[in-house]
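J.: Just so it is clear, I am handing over upload-v9.cif, which has mmCIF, C-alpha atoms.
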data_work
#
loop_
_atom_site.group_PDB
_atom_site.id
_atom_site.type_symbol
_atom_site.label_atom_id
_atom_site.label_comp_id
_atom_site.auth_asym_id
_atom_site.auth_seq_id
_atom_site.Cartn_x
_atom_site.Cartn_y
_atom_site.Cartn_z
ATOM 1 C CA MET A 17 0.000 0.000 0.000
ATOM 2 C CA ARG A 18 1.458 3.368 -0.988
ATOM 3 C CA GLY A 19 1.627 6.601 0.977
ATOM 4 C CA ARG A 20 -1.454 8.783 0.734
ATOM 5 C CA SER A 21 -1.586 11.518 -1.901
ATOM 6 C CA ARG A 22 -1.416 14.961 -0.292
ATOM 7 C CA SER A 23 -0.528 17.255 -3.196
ATOM 8 C CA ALA A 24 -3.689 19.378 -2.902
ATOM 9 C CA ARG A 25 -3.249 19.801 0.839
ATOM 10 C CA ASN A 26 0.447 20.682 0.474
ATOM 11 C CA ALA A 27 -0.414 23.310 -2.133
ATOM 12 C CA SER A 28 -2.817 24.993 0.274
ATOM 13 C CA LEU A 29 -0.266 24.938 3.093
ATOM 14 C CA ARG A 30 2.266 26.686 0.896
ATOM 15 C CA ILE A 31 0.025 29.734 0.627
ATOM 16 C CA GLY A 32 -0.376 29.996 4.376
ATOM 17 C CA VAL A 33 -3.793 28.753 5.459
ATOM 18 C CA SER A 34 -4.248 27.352 8.948
ATOM 19 C CA VAL A 35 -4.259 23.744 10.110
ATOM 20 C CA ASN A 36 -6.766 22.743 12.787
ATOM 21 C CA ASP A 37 -7.688 26.467 13.040
ATOM 22 C CA MET A 38 -4.152 27.223 14.239
ATOM 23 C CA ILE A 39 -1.962 29.872 12.610
ATOM 24 C CA LEU A 40 0.957 28.223 10.864
ATOM 25 C CA PRO A 41 4.539 29.179 11.721
ATOM 26 C CA PRO A 42 6.599 30.804 8.946
ATOM 27 C CA ARG A 43 7.694 28.688 5.996
ATOM 28 C CA VAL A 44 11.360 27.620 6.081
ATOM 29 C CA LEU A 45 11.897 28.096 2.362
ATOM 30 C CA ASP A 46 10.768 31.734 2.628
ATOM 31 C CA ASP A 47 13.353 32.570 5.308
ATOM 32 C CA LEU A 48 16.537 30.705 4.420
ATOM 33 C CA GLU A 49 18.557 33.683 5.644
ATOM 34 C CA SER A 50 17.698 32.777 9.245
ATOM 35 C CA PHE A 51 18.857 29.216 8.640
ATOM 36 C CA SER A 52 22.062 30.528 7.088
ATOM 37 C CA GLU A 53 22.790 32.178 10.436
ATOM 38 C CA ILE A 54 22.325 28.847 12.215
ATOM 39 C CA LEU A 55 24.548 27.049 9.727
ATOM 40 C CA LEU A 56 27.319 29.632 10.182
ATOM 41 C CA ALA A 57 27.791 28.395 13.764
ATOM 42 C CA ASP A 58 31.050 26.561 14.501
ATOM 43 C CA ARG A 59 29.483 23.160 15.128
ATOM 44 C CA VAL A 60 26.051 22.317 13.731
ATOM 45 C CA GLY A 61 23.667 19.398 14.119
ATOM 46 C CA LEU A 62 20.558 18.307 12.224
ATOM 47 C CA PHE A 63 17.984 16.208 14.097
ATOM 48 C CA SER A 64 15.070 14.662 12.235
ATOM 49 C CA ASP A 65 12.135 12.402 12.941
ATOM 50 C CA PHE A 66 11.499 9.626 10.394
ATOM 51 C CA ASP A 67 7.817 8.808 9.704
ATOM 52 C CA GLY A 68 5.883 11.835 8.533
ATOM 53 C CA THR A 69 9.079 13.868 8.247
ATOM 54 C CA LEU A 70 11.660 12.148 6.064
ATOM 55 C CA THR A 71 8.909 9.977 4.576
ATOM 56 C CA PRO A 72 5.182 10.465 4.017
ATOM 57 C CA LEU A 73 2.896 8.675 6.452
ATOM 58 C CA PHE A 74 1.886 5.324 4.986
ATOM 59 C CA ASP A 75 -1.434 3.642 5.712
ATOM 60 C CA ASP A 76 0.522 0.546 6.791
ATOM 61 C CA PRO A 77 3.867 1.395 8.489
ATOM 62 C CA ARG A 78 5.309 -1.890 7.222
ATOM 63 C CA ASN A 79 5.162 -0.440 3.704
ATOM 64 C CA THR A 80 7.092 2.729 4.500
ATOM 65 C CA VAL A 81 9.757 3.583 1.924
ATOM 66 C CA LEU A 82 12.499 6.211 2.118
ATOM 67 C CA SER A 83 13.025 7.917 -1.212
ATOM 68 C CA PRO A 84 16.524 7.679 -2.744
ATOM 69 C CA ALA A 85 16.493 11.472 -3.077
ATOM 70 C CA ILE A 86 16.036 11.976 0.687
ATOM 71 C CA ARG A 87 18.718 9.380 1.424
ATOM 72 C CA ASP A 88 21.165 11.085 -0.915
ATOM 73 C CA ALA A 89 20.368 14.489 0.582
ATOM 74 C CA LEU A 90 20.971 13.183 4.115
ATOM 75 C CA ARG A 91 24.260 11.678 2.991
ATOM 76 C CA GLU A 92 25.408 15.015 1.588
ATOM 77 C CA VAL A 93 24.248 16.983 4.634
ATOM 78 C CA SER A 94 26.232 14.602 6.875
ATOM 79 C CA LYS A 95 29.358 15.737 4.998
ATOM 80 C CA ARG A 96 28.665 19.388 5.808
ATOM 81 C CA VAL A 97 27.629 19.384 9.466
ATOM 82 C CA GLU A 98 29.077 17.821 12.593
ATOM 83 C CA LEU A 99 26.048 15.661 13.379
ATOM 84 C CA VAL A 100 23.061 14.236 11.515
ATOM 85 C CA SER A 101 20.768 12.241 13.782
ATOM 86 C CA VAL A 102 17.475 10.530 13.002
ATOM 87 C CA VAL A 103 15.466 10.520 16.249
ATOM 88 C CA SER A 104 12.449 8.267 15.854
ATOM 89 C CA GLY A 105 9.878 6.079 17.525
ATOM 90 C CA ARG A 106 11.079 3.269 15.251
ATOM 91 C CA ASP A 107 13.703 0.875 16.584
ATOM 92 C CA VAL A 108 17.364 1.409 15.710
ATOM 93 C CA LYS A 109 17.636 -1.820 13.700
ATOM 94 C CA TYR A 110 14.833 -0.681 11.397
ATOM 95 C CA LEU A 111 16.315 2.798 10.998
ATOM 96 C CA ARG A 112 19.781 1.501 10.138
ATOM 97 C CA GLU A 113 18.442 -0.976 7.607
ATOM 98 C CA THR A 114 15.985 1.445 5.997
ATOM 99 C CA ILE A 115 18.159 4.558 5.852
ATOM 100 C CA GLY A 116 21.429 2.687 5.408
ATOM 101 C CA LEU A 117 23.855 5.540 6.075
ATOM 102 C CA LYS A 118 26.858 4.941 8.334
ATOM 103 C CA SER A 119 27.394 8.684 8.705
ATOM 104 C CA VAL A 120 24.093 9.096 10.590
ATOM 105 C CA THR A 121 23.501 8.638 14.332
ATOM 106 C CA TYR A 122 20.261 6.745 14.966
ATOM 107 C CA VAL A 123 18.130 7.215 18.077
ATOM 108 C CA GLY A 124 15.278 4.705 18.310
ATOM 109 C CA ASN A 125 12.236 4.039 20.477
ATOM 110 C CA HIS A 126 11.901 7.681 21.492
ATOM 111 C CA GLY A 127 15.386 7.808 22.988
ATOM 112 C CA LEU A 128 15.580 4.334 24.551
ATOM 113 C CA GLU A 129 18.315 3.183 22.164
ATOM 114 C CA GLU A 130 21.104 4.892 20.250
ATOM 115 C CA TRP A 131 23.507 3.865 17.491
ATOM 116 C CA LYS A 132 26.275 6.408 16.953
ATOM 117 C CA ALA A 133 27.597 7.129 13.477
ATOM 118 C CA GLY A 134 30.269 4.575 12.662
ATOM 119 C CA GLY A 135 29.389 2.528 15.746
ATOM 120 C CA ARG A 136 29.237 -1.255 15.997
ATOM 121 C CA GLN A 137 26.436 -1.802 18.477
ATOM 122 C CA PRO A 138 23.471 0.071 19.964
ATOM 123 C CA GLU A 139 23.398 1.610 23.421
ATOM 124 C CA TYR A 140 20.217 0.931 25.400
ATOM 125 C CA SER A 141 18.497 2.982 28.083
ATOM 126 C CA ALA A 142 16.061 0.271 29.202
ATOM 127 C CA LYS A 143 15.380 -3.468 29.128
ATOM 128 C CA VAL A 144 12.974 -5.263 26.812
ATOM 129 C CA PRO A 145 9.730 -6.058 28.699
ATOM 130 C CA VAL A 146 9.561 -9.879 28.646
ATOM 131 C CA GLY A 147 6.311 -11.260 27.254
ATOM 132 C CA LEU A 148 4.845 -7.843 26.518
ATOM 133 C CA LEU A 149 4.419 -8.471 22.794
ATOM 134 C CA ASP A 150 2.384 -11.632 23.369
ATOM 135 C CA GLN A 151 0.128 -9.889 25.884
ATOM 136 C CA VAL A 152 -0.532 -6.959 23.569
ATOM 137 C CA GLN A 153 -1.212 -9.216 20.584
ATOM 138 C CA SER A 154 -3.623 -11.283 22.651
ATOM 139 C CA GLY A 155 -5.460 -8.230 23.938
ATOM 140 C CA VAL A 156 -5.674 -6.533 20.544
ATOM 141 C CA GLY A 157 -6.830 -9.797 18.977
ATOM 142 C CA SER A 158 -9.900 -9.686 21.198
ATOM 143 C CA ILE A 159 -10.949 -6.257 19.886
ATOM 144 C CA GLU A 160 -13.805 -6.458 17.415
ATOM 145 C CA PHE A 161 -12.317 -3.987 14.949
ATOM 146 C CA SER A 162 -10.568 -4.520 11.642
ATOM 147 C CA GLY A 163 -7.569 -2.439 10.605
ATOM 148 C CA LEU A 164 -5.478 -2.815 13.782
ATOM 149 C CA PHE A 165 -1.786 -3.656 13.472
ATOM 150 C CA VAL A 166 0.621 -4.597 16.282
ATOM 151 C CA GLU A 167 4.262 -3.629 15.676
ATOM 152 C CA ASP A 168 7.152 -5.203 17.602
ATOM 153 C CA LYS A 169 9.682 -2.419 18.201
ATOM 154 C CA GLY A 170 11.982 -4.413 20.438
ATOM 155 C CA LEU A 171 11.899 -2.166 23.485
ATOM 156 C CA ARG A 172 8.314 -1.088 22.866
ATOM 157 C CA VAL A 173 5.118 -2.447 21.302
ATOM 158 C CA ALA A 174 3.001 -0.197 19.086
ATOM 159 C CA VAL A 175 -0.637 -0.629 18.102
ATOM 160 C CA HIS A 176 -1.605 1.237 14.920
ATOM 161 C CA TYR A 177 -5.284 1.979 14.322
ATOM 162 C CA ARG A 178 -5.085 4.271 11.267
ATOM 163 C CA ASN A 179 -7.018 1.793 9.100
ATOM 164 C CA ALA A 180 -9.813 1.082 11.610
ATOM 165 C CA PRO A 181 -13.316 2.050 10.431
ATOM 166 C CA ASP A 182 -14.006 4.125 13.586
ATOM 167 C CA LEU A 183 -10.833 5.872 14.784
ATOM 168 C CA VAL A 184 -12.258 7.197 18.051
ATOM 169 C CA ALA A 185 -13.737 3.838 19.069
ATOM 170 C CA ALA A 186 -10.597 1.992 17.989
ATOM 171 C CA ARG A 187 -8.348 4.250 20.054
ATOM 172 C CA SER A 188 -10.583 3.783 23.073
ATOM 173 C CA ALA A 189 -10.541 -0.016 22.671
ATOM 174 C CA VAL A 190 -6.761 -0.108 22.294
ATOM 175 C CA SER A 191 -6.363 2.098 25.377
ATOM 176 C CA GLN A 192 -8.515 -0.326 27.384
ATOM 177 C CA VAL A 193 -6.092 -3.111 26.424
ATOM 178 C CA LEU A 194 -2.871 -1.215 27.080
ATOM 179 C CA GLU A 195 -3.683 0.708 30.252
ATOM 180 C CA PRO A 196 -4.093 -2.338 32.548
ATOM 181 C CA LEU A 197 -0.862 -3.814 31.135
ATOM 182 C CA ALA A 198 0.977 -0.560 31.777
ATOM 183 C CA ALA A 199 -0.356 -0.337 35.336
ATOM 184 C CA ALA A 200 0.472 -3.965 36.163
ATOM 185 C CA ARG A 201 3.994 -3.815 34.722
ATOM 186 C CA GLY A 202 4.940 -0.255 35.642
ATOM 187 C CA LEU A 203 5.173 0.726 31.986
ATOM 188 C CA GLY A 204 4.277 3.906 30.113
ATOM 189 C CA ILE A 205 2.051 4.647 27.110
ATOM 190 C CA LYS A 206 2.941 7.105 24.344
ATOM 191 C CA ASP A 207 0.395 8.648 22.011
ATOM 192 C CA GLY A 208 1.081 9.432 18.352
ATOM 193 C CA LYS A 209 -0.650 9.879 15.018
ATOM 194 C CA MET A 210 -3.156 6.985 15.001
ATOM 195 C CA VAL A 211 -0.858 4.869 17.184
ATOM 196 C CA LEU A 212 -0.440 4.018 20.873
ATOM 197 C CA GLU A 213 2.810 2.552 22.196
ATOM 198 C CA ILE A 214 3.568 0.735 25.438
ATOM 199 C CA GLY A 215 7.031 0.274 26.873
ATOM 200 C CA PRO A 216 9.462 1.163 29.663
ATOM 201 C CA SER A 217 8.393 4.116 31.765
ATOM 202 C CA VAL A 218 11.667 5.984 32.053
ATOM 203 C CA GLU A 219 12.625 9.657 31.900
ATOM 204 C CA VAL A 220 13.892 9.292 28.343
ATOM 205 C CA ASN A 221 12.369 10.841 25.245
ATOM 206 C CA LYS A 222 13.340 12.556 22.011
ATOM 207 C CA GLY A 223 14.143 15.682 23.995
ATOM 208 C CA THR A 224 16.635 13.995 26.306
ATOM 209 C CA ALA A 225 18.253 12.461 23.214
ATOM 210 C CA VAL A 226 18.598 15.829 21.484
ATOM 211 C CA ASP A 227 19.961 17.469 24.633
ATOM 212 C CA HIS A 228 22.468 14.655 25.218
ATOM 213 C CA LEU A 229 23.775 14.635 21.654
ATOM 214 C CA ALA A 230 23.922 18.430 21.374
ATOM 215 C CA ARG A 231 26.072 18.585 24.500
ATOM 216 C CA ALA A 232 28.198 15.578 23.537
ATOM 217 C CA TYR A 233 28.983 17.079 20.124
ATOM 218 C CA GLU A 234 29.398 20.598 21.588
ATOM 219 C CA LEU A 235 26.962 21.983 19.052
ATOM 220 C CA LYS A 236 26.629 25.730 18.584
ATOM 221 C CA GLY A 237 23.781 25.448 16.091
ATOM 222 C CA ALA A 238 20.972 22.940 15.586
ATOM 223 C CA ILE A 239 17.859 22.314 13.509
ATOM 224 C CA VAL A 240 15.121 19.898 14.618
ATOM 225 C CA LEU A 241 12.570 18.470 12.163
ATOM 226 C CA GLY A 242 9.422 16.682 13.369
ATOM 227 C CA ASP A 243 5.706 16.230 12.827
ATOM 228 C CA ASP A 244 4.085 14.633 15.884
ATOM 229 C CA VAL A 245 3.519 15.229 19.599
ATOM 230 C CA THR A 246 6.553 13.139 20.573
ATOM 231 C CA ASP A 247 8.707 15.618 18.636
ATOM 232 C CA CYS A 248 7.581 18.389 20.975
ATOM 233 C CA ASP A 249 10.056 17.066 23.553
ATOM 234 C CA ALA A 250 12.820 17.580 20.985
ATOM 235 C CA TYR A 251 11.579 21.124 20.296
ATOM 236 C CA ASP A 252 11.556 21.873 24.029
ATOM 237 C CA ALA A 253 15.092 20.557 24.420
ATOM 238 C CA LEU A 254 16.301 22.713 21.534
ATOM 239 C CA HIS A 255 14.642 25.823 22.929
ATOM 240 C CA GLY A 256 16.172 25.057 26.322
ATOM 241 C CA LEU A 257 19.637 24.908 24.767
ATOM 242 C CA VAL A 258 18.984 28.203 22.982
ATOM 243 C CA ARG A 259 18.080 29.874 26.287
ATOM 244 C CA GLU A 260 20.705 28.262 28.489
ATOM 245 C CA ARG A 261 23.718 27.915 26.202
ATOM 246 C CA GLY A 262 23.146 30.535 23.511
ATOM 247 C CA LEU A 263 22.850 27.859 20.850
ATOM 248 C CA LYS A 264 21.449 29.064 17.508
ATOM 249 C CA GLY A 265 18.549 26.840 16.554
ATOM 250 C CA ALA A 266 15.138 26.344 14.992
ATOM 251 C CA ALA A 267 12.345 23.828 15.510
ATOM 252 C CA VAL A 268 10.654 22.909 12.220
ATOM 253 C CA ALA A 269 7.222 21.278 11.910
ATOM 254 C CA VAL A 270 6.563 19.115 8.857
ATOM 255 C CA VAL A 271 2.859 19.802 8.541
ATOM 256 C CA ASP A 272 -0.166 18.042 7.096
ATOM 257 C CA GLU A 273 -3.884 17.863 7.875
ATOM 258 C CA GLU A 274 -3.179 15.697 10.945
ATOM 259 C CA THR A 275 -0.604 18.004 12.531
ATOM 260 C CA PRO A 276 -1.324 18.266 16.282
ATOM 261 C CA GLU A 277 -1.875 21.749 17.709
ATOM 262 C CA ALA A 278 1.007 21.284 20.157
ATOM 263 C CA VAL A 279 3.417 20.854 17.249
ATOM 264 C CA LEU A 280 2.209 24.055 15.581
ATOM 265 C CA ARG A 281 2.475 25.986 18.843
ATOM 266 C CA LYS A 282 6.023 24.876 19.613
ATOM 267 C CA ALA A 283 7.531 25.008 16.114
ATOM 268 C CA ASP A 284 9.431 28.074 14.904
ATOM 269 C CA TYR A 285 9.045 27.240 11.208
ATOM 270 C CA ARG A 286 7.262 24.793 8.932
ATOM 271 C CA LEU A 287 7.781 22.616 5.868
ATOM 272 C CA SER A 288 4.962 20.958 3.922
ATOM 273 C CA GLY A 289 5.624 17.252 3.478
ATOM 274 C CA SER A 290 8.702 15.251 2.577
ATOM 275 C CA LEU A 291 9.151 17.009 -0.791
ATOM 276 C CA GLU A 292 9.834 20.318 0.965
ATOM 277 C CA VAL A 293 12.043 18.473 3.462
ATOM 278 C CA GLU A 294 14.071 17.167 0.514
ATOM 279 C CA GLU A 295 14.308 20.674 -0.952
ATOM 280 C CA PHE A 296 15.520 22.034 2.395
ATOM 281 C CA LEU A 297 18.111 19.290 2.862
ATOM 282 C CA ARG A 298 19.419 19.861 -0.647
ATOM 283 C CA TRP A 299 19.702 23.559 0.095
ATOM 284 C CA ILE A 300 21.790 22.804 3.193
ATOM 285 C CA ALA A 301 24.026 20.488 1.170
ATOM 286 C CA TYR A 302 24.451 22.517 -1.991
ATOM 287 C CA ALA A 303 23.521 26.181 -1.486
ATOM 288 C CA SER A 304 23.812 27.094 2.203
ATOM 289 C CA PRO A 305 26.890 28.519 3.976
ATOM 290 C CA ARG A 306 27.831 24.886 4.658
ATOM 291 C CA ALA A 307 27.795 23.846 1.002
ATOM 292 C CA GLU A 308 31.553 24.091 0.514
ATOM 293 C CA ARG A 309 32.468 22.231 3.695
ATOM 294 C CA LYS A 310 33.665 18.645 3.648
ATOM 295 C CA LEU A 311 33.891 17.070 7.102
#
Can the structure from this file be put into structure tokens for me?

T.:
Amino acid sequence: MRGRSRSARNASLRIGVSVNDMILPPRVLDDLESFSEILLADRVGLFSDFDGTLTPLFDDPRNTVLSPAIRDALREVSKRVELVSVVSGRDVKYLRETIGLKSVTYVGNHGLEEWKAGGRQPEYSAKVPVGLLDQVQSGVGSIEFSGLFVEDKGLRVAVHYRNAPDLVAARSAVSQVLEPLAAARGLGIKDGKMVLEIGPSVEVNKGTAVDHLARAYELKGAIVLGDDVTDCDAYDALHGLVRERGLKGAAVAVVDEETPEAVLRKADYRLSGSLEVEEFLRWIAYASPRAERKL
């Protein structure tokens, strides 16, 4: 199953209408001068979500494909800046196999695991909950809805309900399965675009990952790309570094008709879909103040 067609919606977003009755942040491609200032910093990092940011959202996440153009653009950007990191809810194994770039640092499961560029093994922040997958599959199997899909993410288990006939009822039914499991096992539940995830309840998220890597790489400039509520933690971390350390940075929302209000409120700028993300990455690689650098 292919990703959904959103050309008409993207066209409307480019001329500045609102999403969910919220005013959109400024468009990145209309203010590249501000991003030039970020990229002139001594040490720069690019952080990006995966689904809905580097790729369109697919009706079935198992069918997600990364375009060769985005992969090539990421490869070139990684030659110009000190850090390129994909920070995703997907597991690290999936990210490494799908993106396939050794020059990228992968952060999976919302910060629970990390694979540094050029590394040989992942670093984990939590243990795999034994038997959790079987319990979730059993519980979801008892729900009288079609269109539910259970994804094994290693450290977490996700239940996608995008293809259910009644999204509100499906979410409620999935919550009724996951909440008792979370309470009994001391786990946490994360909410996303048509997906609920259950896994270790630890003080780790995309924001702690961004903060950790920005400090470890001594970044002076950073750009964060995301599209969902879990990316808000990454935006908050970036804004905290701007306030506390004088880092130059911008939080960018990749918007569509499902963009949560929290994302629009916290983002400094916007891009419309993966095609504009590709255009922005190519600008960084070939036309920005970093274009002539080879790290």

J.: If the PyMOL selection byres ((chain A and resi 47-64) around 9) is run on the structure shown, which residues does it catch, given as an mmCIF file with C-alpha atoms, in the coordinates of the input?

T.:
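Full text of out.cif as output:
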data_model
loop_
_atom_site.group_PDB
_atom_site.id
_atom_site.type_symbol
_atom_site.label_atom_id
_atom_site.label_comp_id
_atom_site.auth_asym_id
_atom_site.auth_seq_id
_atom_site.Cartn_x
_atom_site.Cartn_y
_atom_site.Cartn_z
ATOM 1 C CA PRO A 42 6.599 30.804 8.946
ATOM 2 C CA ARG A 43 7.694 28.688 5.996
ATOM 3 C CA VAL A 44 11.360 27.620 6.081
ATOM 4 C CA LEU A 45 11.897 28.096 2.362
ATOM 5 C CA ASP A 46 10.768 31.734 2.628
ATOM 6 C CA ASP A 65 12.135 12.402 12.941
ATOM 7 C CA PHE A 66 11.499 9.626 10.394
ATOM 8 C CA THR A 69 9.079 13.868 8.247
ATOM 9 C CA LEU A 70 11.660 12.148 6.064
ATOM 10 C CA VAL A 93 24.248 16.983 4.634
ATOM 11 C CA SER A 94 26.232 14.602 6.875
ATOM 12 C CA ARG A 96 28.665 19.388 5.808
ATOM 13 C CA VAL A 97 27.629 19.384 9.466
ATOM 14 C CA GLU A 98 29.077 17.821 12.593
ATOM 15 C CA LEU A 99 26.048 15.661 13.379
ATOM 16 C CA VAL A 100 23.061 14.236 11.515
ATOM 17 C CA SER A 101 20.768 12.241 13.782
ATOM 18 C CA VAL A 102 17.475 10.530 13.002
ATOM 19 C CA VAL A 103 15.466 10.520 16.249
ATOM 20 C CA SER A 104 12.449 8.267 15.854
ATOM 21 C CA VAL A 226 18.598 15.829 21.484
ATOM 22 C CA LEU A 229 23.775 14.635 21.654
ATOM 23 C CA ALA A 230 23.922 18.430 21.374
ATOM 24 C CA TYR A 233 28.983 17.079 20.124
ATOM 25 C CA GLU A 234 29.398 20.598 21.588
ATOM 26 C CA LEU A 235 26.962 21.983 19.052
ATOM 27 C CA LYS A 236 26.629 25.730 18.584
ATOM 28 C CA GLY A 237 23.781 25.448 16.091
ATOM 29 C CA ALA A 238 20.972 22.940 15.586
ATOM 30 C CA ILE A 239 17.859 22.314 13.509
ATOM 31 C CA VAL A 240 15.121 19.898 14.618
ATOM 32 C CA LEU A 241 12.570 18.470 12.163
ATOM 33 C CA GLY A 242 9.422 16.682 13.369
ATOM 34 C CA ALA A 250 12.820 17.580 20.985
ATOM 35 C CA LEU A 263 22.850 27.859 20.850
ATOM 36 C CA LYS A 264 21.449 29.064 17.508
ATOM 37 C CA GLY A 265 18.549 26.840 16.554
ATOM 38 C CA ALA A 266 15.138 26.344 14.992
ATOM 39 C CA PHE A 296 15.520 22.034 2.395
ATOM 40 C CA TRP A 299 19.702 23.559 0.095
ATOM 41 C CA ILE A 300 21.790 22.804 3.193
ATOM 42 C CA SER A 304 23.812 27.094 2.203
ATOM 43 C CA PRO A 305 26.890 28.519 3.976
ATOM 44 C CA ARG A 306 27.831 24.886 4.658
#

J.: List the spatial neighbours of segment 164-174 of chain A as a list in words - criterion: any atom at most 8 Å away, only C-alpha atoms, same-chain residues fewer than 5 positions off excluded.

T.: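 Once the adjacent positions are removed, what remains is Arg106, Asp107, Asn125, Leu128, Ala142, Lys143, Val144, Pro145, Leu148, Leu149, Val152, Gln153, Val156, Asn179, Ala180, Val211, Leu212, Glu213, Ile214, Gly215 and Pro216 of chain A.
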
J.: Could you please determine the separation between atom CA of Gly223 of chain A and atom CA of Thr246 of chain A in Å, to one decimal place?

T.: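 Atom CA of Gly223 of chain A sits 8.7 Å away from atom CA of Thr246 of chain A.
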
J.: Considering all atoms listed in the file, state which residue in the set A:Val245, A:Ile39, A:Ala189, A:Leu82 is at the smallest distance from Thr275 of chain A.

T.: A:Val245

J.: Atom CA of Val108 of chain A to atom CA of Tyr285 of chain A: how many Å, to one decimal?

T.: 27.5 Å

J.: For Glu308 of chain A, which residue among A:Pro84, A:Glu92, A:Ala269, A:Leu280 is the nearest when counting only C-alpha atoms?

T.: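 Among the listed residues, the smallest separation from Glu308 of chain A belongs to A:Glu92.
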
J.: Report, in Å with one decimal, the straight-line distance from atom CA of Ala133 of chain A to atom CA of Val146 of chain A.

T.: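 Separating atom CA of Ala133 of chain A from atom CA of Val146 of chain A is a distance of 29.1 Å.
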
J.: Hey, which of A:Gly127, A:Gly208, A:Pro41, A:Gly116 ends up closest to Asn221 of chain A? Count all atoms listed in the file.

T.: A:Gly127

J.: Looking at all atoms listed in the file, which of A:Lys132, A:Arg178, A:His126, A:Lys109 is the one that sits closest to Pro77 of chain A?

T.: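 Smallest separation from Pro77 of chain A among the options: A:Arg178.
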
J.: So which residues get picked by the PyMOL selection byres ((chain A and resi 290) around 10) here, written as a list in words?

T.: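 Expected selection for the PyMOL selection byres ((chain A and resi 290) around 10) here is Asp67, Gly68, Thr69, Leu70, Thr71, Pro72, Leu73, Leu82, Ser83, Ile86, Val270, Val271, Leu287, Ser288, Gly289, Leu291, Glu292, Val293, Glu294, Glu295 and Phe296 of chain A.
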
J.: Using only C-alpha atoms, pick whichever of A:Gly262, A:Asp284, A:Arg201, A:Asp272 has the shortest atom-to-atom distance to Gly147 of chain A.

T.: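 The answer is A:Arg201, which sits nearest to Gly147 of chain A.
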
J.: Pick the closest to Glu130 of chain A from A:Ala200, A:Val175, A:Arg259, A:Gly105: which is it, counting all atoms listed in the file?

T.: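 Residue with the minimum atom-to-atom distance to Glu130 of chain A: A:Gly105.
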
J.: Using all atoms of segment 78-90 of chain A listed in the file and a margin of 4 Å per side, can you give the axis-aligned box centre and edge lengths in Å to one decimal, as JSON?

T.:
{"center_x": 13.2, "center_y": 6.3, "center_z": 2.1, "size_x": 24.0, "size_y": 24.4, "size_z": 18.3}

J.: So that I can check the surroundings of Tyr251 of chain A, please list as an mmCIF file with C-alpha atoms, keeping the file's coordinate frame every protein, DNA and RNA residue that reaches within 8 Å of it, counting only C-alpha atoms and ignoring chain neighbours fewer than 3 positions away.

T.:
data_model
loop_
_atom_site.group_PDB
_atom_site.id
_atom_site.type_symbol
_atom_site.label_atom_id
_atom_site.label_comp_id
_atom_site.auth_asym_id
_atom_site.auth_seq_id
_atom_site.Cartn_x
_atom_site.Cartn_y
_atom_site.Cartn_z
ATOM 1 C CA GLY A 223 14.143 15.682 23.995
ATOM 2 C CA VAL A 240 15.121 19.898 14.618
ATOM 3 C CA ASP A 247 8.707 15.618 18.636
ATOM 4 C CA CYS A 248 7.581 18.389 20.975
ATOM 5 C CA LEU A 254 16.301 22.713 21.534
ATOM 6 C CA HIS A 255 14.642 25.823 22.929
ATOM 7 C CA ALA A 267 12.345 23.828 15.510
ATOM 8 C CA LYS A 282 6.023 24.876 19.613
ATOM 9 C CA ALA A 283 7.531 25.008 16.114
#
